[in-house]
>>> print(open('data_6.pdb').read())   # PDB, C-alpha atoms
ATOM      1  CA  MET A 226     -63.785 -19.839  -0.937  1.00  0.00           C
ATOM      2  CA  SER A 227     -64.570 -16.279  -0.313  1.00  0.00           C
ATOM      3  CA  GLN A 228     -62.070 -13.507  -0.168  1.00  0.00           C
ATOM      4  CA  TYR A 229     -61.916 -13.613   3.640  1.00  0.00           C
ATOM      5  CA  GLN A 230     -61.407 -17.355   3.862  1.00  0.00           C
ATOM      6  CA  GLN A 231     -58.288 -17.468   1.753  1.00  0.00           C
ATOM      7  CA  GLN A 232     -55.311 -18.838   3.552  1.00  0.00           C
ATOM      8  CA  THR A 233     -52.225 -16.725   3.589  1.00  0.00           C
ATOM      9  CA  PRO A 234     -49.028 -18.496   2.706  1.00  0.00           C
ATOM     10  CA  PRO A 235     -46.839 -19.269   5.700  1.00  0.00           C
ATOM     11  CA  GLN A 236     -44.343 -16.554   6.451  1.00  0.00           C
ATOM     12  CA  PRO A 237     -40.746 -17.710   6.654  1.00  0.00           C
ATOM     13  CA  TYR A 238     -39.221 -17.327  10.084  1.00  0.00           C
ATOM     14  CA  PRO A 239     -35.904 -15.514  10.299  1.00  0.00           C
ATOM     15  CA  MET A 240     -33.111 -17.986  10.514  1.00  0.00           C
ATOM     16  CA  GLN A 241     -31.524 -17.968  13.900  1.00  0.00           C
ATOM     17  CA  MET A 242     -27.918 -18.923  14.103  1.00  0.00           C
ATOM     18  CA  MET A 243     -27.296 -21.459  16.749  1.00  0.00           C
ATOM     19  CA  GLN A 244     -24.269 -20.469  18.763  1.00  0.00           C
ATOM     20  CA  SER A 245     -22.228 -23.053  20.518  1.00  0.00           C
ATOM     21  CA  PRO A 246     -21.210 -22.477  24.134  1.00  0.00           C
ATOM     22  CA  GLU A 247     -17.616 -22.188  22.915  1.00  0.00           C
ATOM     23  CA  MET A 248     -18.572 -19.408  20.491  1.00  0.00           C
ATOM     24  CA  MET A 249     -20.534 -17.540  23.146  1.00  0.00           C
ATOM     25  CA  GLN A 250     -17.609 -17.828  25.578  1.00  0.00           C
ATOM     26  CA  GLY A 251     -15.245 -16.488  22.908  1.00  0.00           C
ATOM     27  CA  GLN A 252     -17.519 -13.526  22.254  1.00  0.00           C
ATOM     28  CA  LYS A 253     -17.656 -12.826  25.979  1.00  0.00           C
ATOM     29  CA  HIS A 254     -13.853 -12.781  26.185  1.00  0.00           C
ATOM     30  CA  ALA A 255     -13.653 -10.514  23.119  1.00  0.00           C
ATOM     31  CA  GLN A 256     -16.135  -8.038  24.631  1.00  0.00           C
ATOM     32  CA  THR A 257     -14.352  -8.101  27.983  1.00  0.00           C
ATOM     33  CA  SER A 258     -11.067  -7.453  26.203  1.00  0.00           C
ATOM     34  CA  LEU A 259     -12.530  -4.423  24.467  1.00  0.00           C
ATOM     35  CA  ILE A 260     -13.940  -3.051  27.727  1.00  0.00           C
ATOM     36  CA  PHE A 261     -10.615  -3.525  29.547  1.00  0.00           C
ATOM     37  CA  GLY A 262      -8.759  -1.917  26.631  1.00  0.00           C
ATOM     38  CA  ILE A 263     -10.997   1.150  26.696  1.00  0.00           C
ATOM     39  CA  LEU A 264     -10.824   1.425  30.483  1.00  0.00           C
ATOM     40  CA  GLY A 265      -7.051   1.167  30.341  1.00  0.00           C
ATOM     41  CA  LEU A 266      -6.857   4.249  28.138  1.00  0.00           C
ATOM     42  CA  PHE A 267      -8.302   6.330  30.963  1.00  0.00           C
ATOM     43  CA  VAL A 268      -7.290   4.661  34.232  1.00  0.00           C
ATOM     44  CA  LEU A 269      -4.652   2.150  35.305  1.00  0.00           C
ATOM     45  CA  GLY A 270      -3.449   1.208  31.845  1.00  0.00           C
ATOM     46  CA  ILE A 271      -0.641  -0.770  33.435  1.00  0.00           C
ATOM     47  CA  VAL A 272      -3.317  -3.038  34.992  1.00  0.00           C
ATOM     48  CA  PHE A 273      -6.117  -3.050  32.417  1.00  0.00           C
ATOM     49  CA  GLY A 274      -3.781  -3.318  29.408  1.00  0.00           C
ATOM     50  CA  PRO A 275      -2.482  -6.806  30.285  1.00  0.00           C
ATOM     51  CA  LEU A 276      -6.010  -7.891  31.267  1.00  0.00           C
ATOM     52  CA  ALA A 277      -7.288  -6.806  27.841  1.00  0.00           C
ATOM     53  CA  ILE A 278      -4.472  -8.660  26.074  1.00  0.00           C
ATOM     54  CA  SER A 279      -5.136 -11.787  28.129  1.00  0.00           C
ATOM     55  CA  GLN A 280      -8.867 -11.737  27.385  1.00  0.00           C
ATOM     56  CA  ALA A 281      -8.168 -11.178  23.672  1.00  0.00           C
ATOM     57  CA  ASN A 282      -5.861 -14.197  23.626  1.00  0.00           C
ATOM     58  CA  LYS A 283      -8.567 -16.329  25.264  1.00  0.00           C
ATOM     59  CA  ALA A 284     -11.090 -15.155  22.667  1.00  0.00           C
ATOM     60  CA  GLU A 285      -8.714 -15.968  19.826  1.00  0.00           C
ATOM     61  CA  ARG A 286      -8.126 -19.463  21.231  1.00  0.00           C
ATOM     62  CA  LEU A 287     -11.894 -19.920  20.954  1.00  0.00           C
ATOM     63  CA  HIS A 288     -11.792 -18.741  17.314  1.00  0.00           C
ATOM     64  CA  GLN A 289     -13.252 -15.278  17.931  1.00  0.00           C
ATOM     65  CA  ALA A 290     -11.656 -12.115  16.603  1.00  0.00           C
ATOM     66  CA  ALA A 291     -10.507  -9.749  19.345  1.00  0.00           C
ATOM     67  CA  THR A 292      -8.135  -7.467  17.477  1.00  0.00           C
ATOM     68  CA  ALA A 293      -9.587  -4.211  18.817  1.00  0.00           C
ATOM     69  CA  GLY A 294      -9.294  -5.361  22.429  1.00  0.00           C
ATOM     70  CA  LYS A 295      -5.749  -6.576  21.913  1.00  0.00           C
ATOM     71  CA  VAL A 296      -4.614  -3.354  20.209  1.00  0.00           C
ATOM     72  CA  LEU A 297      -6.253  -1.177  22.869  1.00  0.00           C
ATOM     73  CA  GLY A 298      -4.683  -3.400  25.531  1.00  0.00           C
ATOM     74  CA  TRP A 299      -1.198  -2.841  24.117  1.00  0.00           C
ATOM     75  CA  ILE A 300      -1.793   0.898  23.751  1.00  0.00           C
ATOM     76  CA  SER A 301      -3.087   1.068  27.335  1.00  0.00           C
ATOM     77  CA  LEU A 302      -0.098  -0.869  28.614  1.00  0.00           C
ATOM     78  CA  ILE A 303       2.395   1.352  26.780  1.00  0.00           C
ATOM     79  CA  PHE A 304       0.674   4.539  27.992  1.00  0.00           C
ATOM     80  CA  GLY A 305       0.545   3.111  31.513  1.00  0.00           C
ATOM     81  CA  ILE A 306       4.275   2.382  31.501  1.00  0.00           C
ATOM     82  CA  LEU A 307       5.063   5.820  30.064  1.00  0.00           C
ATOM     83  CA  GLY A 308       2.836   7.432  32.705  1.00  0.00           C
ATOM     84  CA  LEU A 309       4.598   5.516  35.464  1.00  0.00           C
ATOM     85  CA  VAL A 310       8.033   6.514  34.140  1.00  0.00           C
ATOM     86  CA  TRP A 311       6.911  10.146  33.897  1.00  0.00           C
ATOM     87  CA  PHE A 312       5.572   9.998  37.477  1.00  0.00           C
ATOM     88  CA  VAL A 313       8.855   8.559  38.827  1.00  0.00           C
ATOM     89  CA  ILE A 314      10.887  11.202  36.996  1.00  0.00           C
ATOM     90  CA  MET A 315       8.676  14.012  38.293  1.00  0.00           C
ATOM     91  CA  MET A 316       8.862  12.718  41.863  1.00  0.00           C
ATOM     92  CA  GLY A 317      12.639  12.417  41.608  1.00  0.00           C
ATOM     93  CA  THR A 318      12.849  15.954  40.290  1.00  0.00           C
ATOM     94  CA  MET A 319      10.681  17.243  43.139  1.00  0.00           C
ATOM     95  CA  VAL A 320      12.737  15.418  45.770  1.00  0.00           C
ATOM     96  CA  ALA A 321      15.965  16.751  44.263  1.00  0.00           C
ATOM     97  CA  ALA A 322      14.549  20.284  44.198  1.00  0.00           C
ATOM     98  CA  MET A 323      13.421  20.025  47.824  1.00  0.00           C
ATOM     99  CA  ASN A 324      16.833  18.742  48.909  1.00  0.00           C
ATOM    100  CA  SER A 325      18.636  21.576  47.128  1.00  0.00           C
ATOM    101  CA  TYR A 326      16.516  24.185  48.944  1.00  0.00           C
ATOM    102  CA  SER A 327      16.835  22.637  52.414  1.00  0.00           C
ATOM    103  CA  GLY A 328      20.531  21.989  52.395  1.00  0.00           C
TER     104      GLY A 328
END
>>> encode(input="data_6.pdb", output="structure tokens")
Amino acid sequence: MSQYQQQTPPQPYPMQMMQSPEMMQGQKHAQTSLIFGILGLFVLGIVFGPLAISQANKAERLHQAATAGKVLGWISLIFGILGLVWFVIMMGTMVAAMNSYSG
């Protein structure tokens, strides 16, 4: 055999992990939870927070970690509630101020 006819040893293929449909579904719920948690920090935390928590719980039932989504969901929910309380207080203050000037 000449130098050019030598066979090269077979190259090992990278091992691919086979993911079950259940695992893929759990990862999808975990990613959705994270997205909802991040969205909730900026807009409608009172809506996106519970959605993030719900998606995280679904992911955990499918044995996927979703801690970040769940934590962000709770933070979003708490900020959303505090924002709503602040809004109601400010509106009440404005209405009271307007009534004191008109009457």
>>> axis_aligned_box(input="data_6.pdb", around="stretch 312-320 of chain A", padding_each_side="6 Å", output="AutoDock Vina command-line options")
--center_x 9.2 --center_y 12.9 --center_z 41.4 --size_x 19.3 --size_y 20.7 --size_z 20.8
>>> resolve_selection(input="data_6.pdb", expression="the PyMOL selection byres ((chain A and resi 270-274) around 8)", output="list in words")
Phe261, Gly262, Leu264, Gly265, Leu266, Phe267, Val268, Leu269, Pro275, Leu276, Ala277, Ile278, Leu297, Gly298, Trp299, Ile300, Ser301, Leu302, Ile303, Phe304, Gly305 and Ile306 of chain A
>>> write_last_selection(input="data_6.pdb", atoms="C-alpha atoms", output="mmCIF file, keeping the file's coordinate frame")
data_model
loop_
_atom_site.group_PDB
_atom_site.id
_atom_site.type_symbol
_atom_site.label_atom_id
_atom_site.label_comp_id
_atom_site.auth_asym_id
_atom_site.auth_seq_id
_atom_site.Cartn_x
_atom_site.Cartn_y
_atom_site.Cartn_z
ATOM 1 C CA PHE A 261 -10.615 -3.525 29.547
ATOM 2 C CA GLY A 262 -8.759 -1.917 26.631
ATOM 3 C CA LEU A 264 -10.824 1.425 30.483
ATOM 4 C CA GLY A 265 -7.051 1.167 30.341
ATOM 5 C CA LEU A 266 -6.857 4.249 28.138
ATOM 6 C CA PHE A 267 -8.302 6.330 30.963
ATOM 7 C CA VAL A 268 -7.290 4.661 34.232
ATOM 8 C CA LEU A 269 -4.652 2.150 35.305
ATOM 9 C CA PRO A 275 -2.482 -6.806 30.285
ATOM 10 C CA LEU A 276 -6.010 -7.891 31.267
ATOM 11 C CA ALA A 277 -7.288 -6.806 27.841
ATOM 12 C CA ILE A 278 -4.472 -8.660 26.074
ATOM 13 C CA LEU A 297 -6.253 -1.177 22.869
ATOM 14 C CA GLY A 298 -4.683 -3.400 25.531
ATOM 15 C CA TRP A 299 -1.198 -2.841 24.117
ATOM 16 C CA ILE A 300 -1.793 0.898 23.751
ATOM 17 C CA SER A 301 -3.087 1.068 27.335
ATOM 18 C CA LEU A 302 -0.098 -0.869 28.614
ATOM 19 C CA ILE A 303 2.395 1.352 26.780
ATOM 20 C CA PHE A 304 0.674 4.539 27.992
ATOM 21 C CA GLY A 305 0.545 3.111 31.513
ATOM 22 C CA ILE A 306 4.275 2.382 31.501
#
>>> resolve_selection(input="data_6.pdb", expression="the PyMOL selection byres ((chain A and resi 244-257) around 6)", output="PyMOL selection string")
chain A and resi 243+258-260+280-281+284+287+289+291
>>> write_last_selection(input="data_6.pdb", atoms="C-alpha atoms", output="short mmCIF file (atom, residue, chain, number, x, y, z; two decimals), keeping the file's coordinate frame")
data_model
loop_
_atom_site.label_atom_id
_atom_site.label_comp_id
_atom_site.auth_asym_id
_atom_site.auth_seq_id
_atom_site.Cartn_x
_atom_site.Cartn_y
_atom_site.Cartn_z
CA MET A 243 -27.30 -21.46 16.75
CA SER A 258 -11.07 -7.45 26.20
CA LEU A 259 -12.53 -4.42 24.47
CA ILE A 260 -13.94 -3.05 27.73
CA GLN A 280 -8.87 -11.74 27.38
CA ALA A 281 -8.17 -11.18 23.67
CA ALA A 284 -11.09 -15.16 22.67
CA LEU A 287 -11.89 -19.92 20.95
CA GLN A 289 -13.25 -15.28 17.93
CA ALA A 291 -10.51 -9.75 19.34
#
>>> atom_distance(input="data_6.pdb", atom1="atom CA of A:Ile263", atom2="atom CA of A:Thr292")
12.9 Å
>>> atom_distance(input="data_6.pdb", atom1="atom CA of A:Gly294", atom2="atom CA of A:Phe312")
26.1 Å
>>> atom_distance(input="data_6.pdb", atom1="atom CA of A:Trp311", atom2="atom CA of A:Lys295")
24.2 Å
>>> build_atoms(input="data_6.pdb", residues="stretch 243-254 of chain A", atoms="N, CA and C atoms", output="PDB file, in the frame of the given file")
ATOM      1  N   MET A 243     -27.542 -20.785  15.486  1.00  0.00           N
ATOM      2  CA  MET A 243     -27.296 -21.459  16.749  1.00  0.00           C
ATOM      3  C   MET A 243     -25.831 -21.227  17.126  1.00  0.00           C
ATOM      4  N   GLN A 244     -25.631 -20.726  18.309  1.00  0.00           N
ATOM      5  CA  GLN A 244     -24.269 -20.469  18.763  1.00  0.00           C
ATOM      6  C   GLN A 244     -23.887 -21.532  19.778  1.00  0.00           C
ATOM      7  N   SER A 245     -22.715 -22.060  19.577  1.00  0.00           N
ATOM      8  CA  SER A 245     -22.228 -23.053  20.518  1.00  0.00           C
ATOM      9  C   SER A 245     -21.768 -22.354  21.792  1.00  0.00           C
ATOM     10  N   PRO A 246     -21.725 -23.082  22.891  1.00  0.00           N
ATOM     11  CA  PRO A 246     -21.210 -22.477  24.134  1.00  0.00           C
ATOM     12  C   PRO A 246     -19.789 -21.940  23.968  1.00  0.00           C
ATOM     13  N   GLU A 247     -18.992 -22.636  23.149  1.00  0.00           N
ATOM     14  CA  GLU A 247     -17.616 -22.188  22.915  1.00  0.00           C
ATOM     15  C   GLU A 247     -17.611 -20.834  22.204  1.00  0.00           C
ATOM     16  N   MET A 248     -18.496 -20.667  21.226  1.00  0.00           N
ATOM     17  CA  MET A 248     -18.572 -19.408  20.491  1.00  0.00           C
ATOM     18  C   MET A 248     -19.046 -18.275  21.403  1.00  0.00           C
ATOM     19  N   MET A 249     -20.033 -18.558  22.221  1.00  0.00           N
ATOM     20  CA  MET A 249     -20.534 -17.540  23.146  1.00  0.00           C
ATOM     21  C   MET A 249     -19.461 -17.144  24.156  1.00  0.00           C
ATOM     22  N   GLN A 250     -18.694 -18.109  24.636  1.00  0.00           N
ATOM     23  CA  GLN A 250     -17.609 -17.828  25.578  1.00  0.00           C
ATOM     24  C   GLN A 250     -16.530 -16.976  24.900  1.00  0.00           C
ATOM     25  N   GLY A 251     -16.220 -17.279  23.650  1.00  0.00           N
ATOM     26  CA  GLY A 251     -15.245 -16.488  22.908  1.00  0.00           C
ATOM     27  C   GLY A 251     -15.695 -15.056  22.708  1.00  0.00           C
ATOM     28  N   GLN A 252     -16.988 -14.875  22.406  1.00  0.00           N
ATOM     29  CA  GLN A 252     -17.519 -13.526  22.254  1.00  0.00           C
ATOM     30  C   GLN A 252     -17.468 -12.763  23.567  1.00  0.00           C
ATOM     31  N   LYS A 253     -17.722 -13.462  24.656  1.00  0.00           N
ATOM     32  CA  LYS A 253     -17.656 -12.826  25.979  1.00  0.00           C
ATOM     33  C   LYS A 253     -16.232 -12.344  26.273  1.00  0.00           C
ATOM     34  N   HIS A 254     -15.247 -13.183  25.971  1.00  0.00           N
ATOM     35  CA  HIS A 254     -13.853 -12.781  26.185  1.00  0.00           C
ATOM     36  C   HIS A 254     -13.478 -11.603  25.278  1.00  0.00           C
TER      37      HIS A 254
END
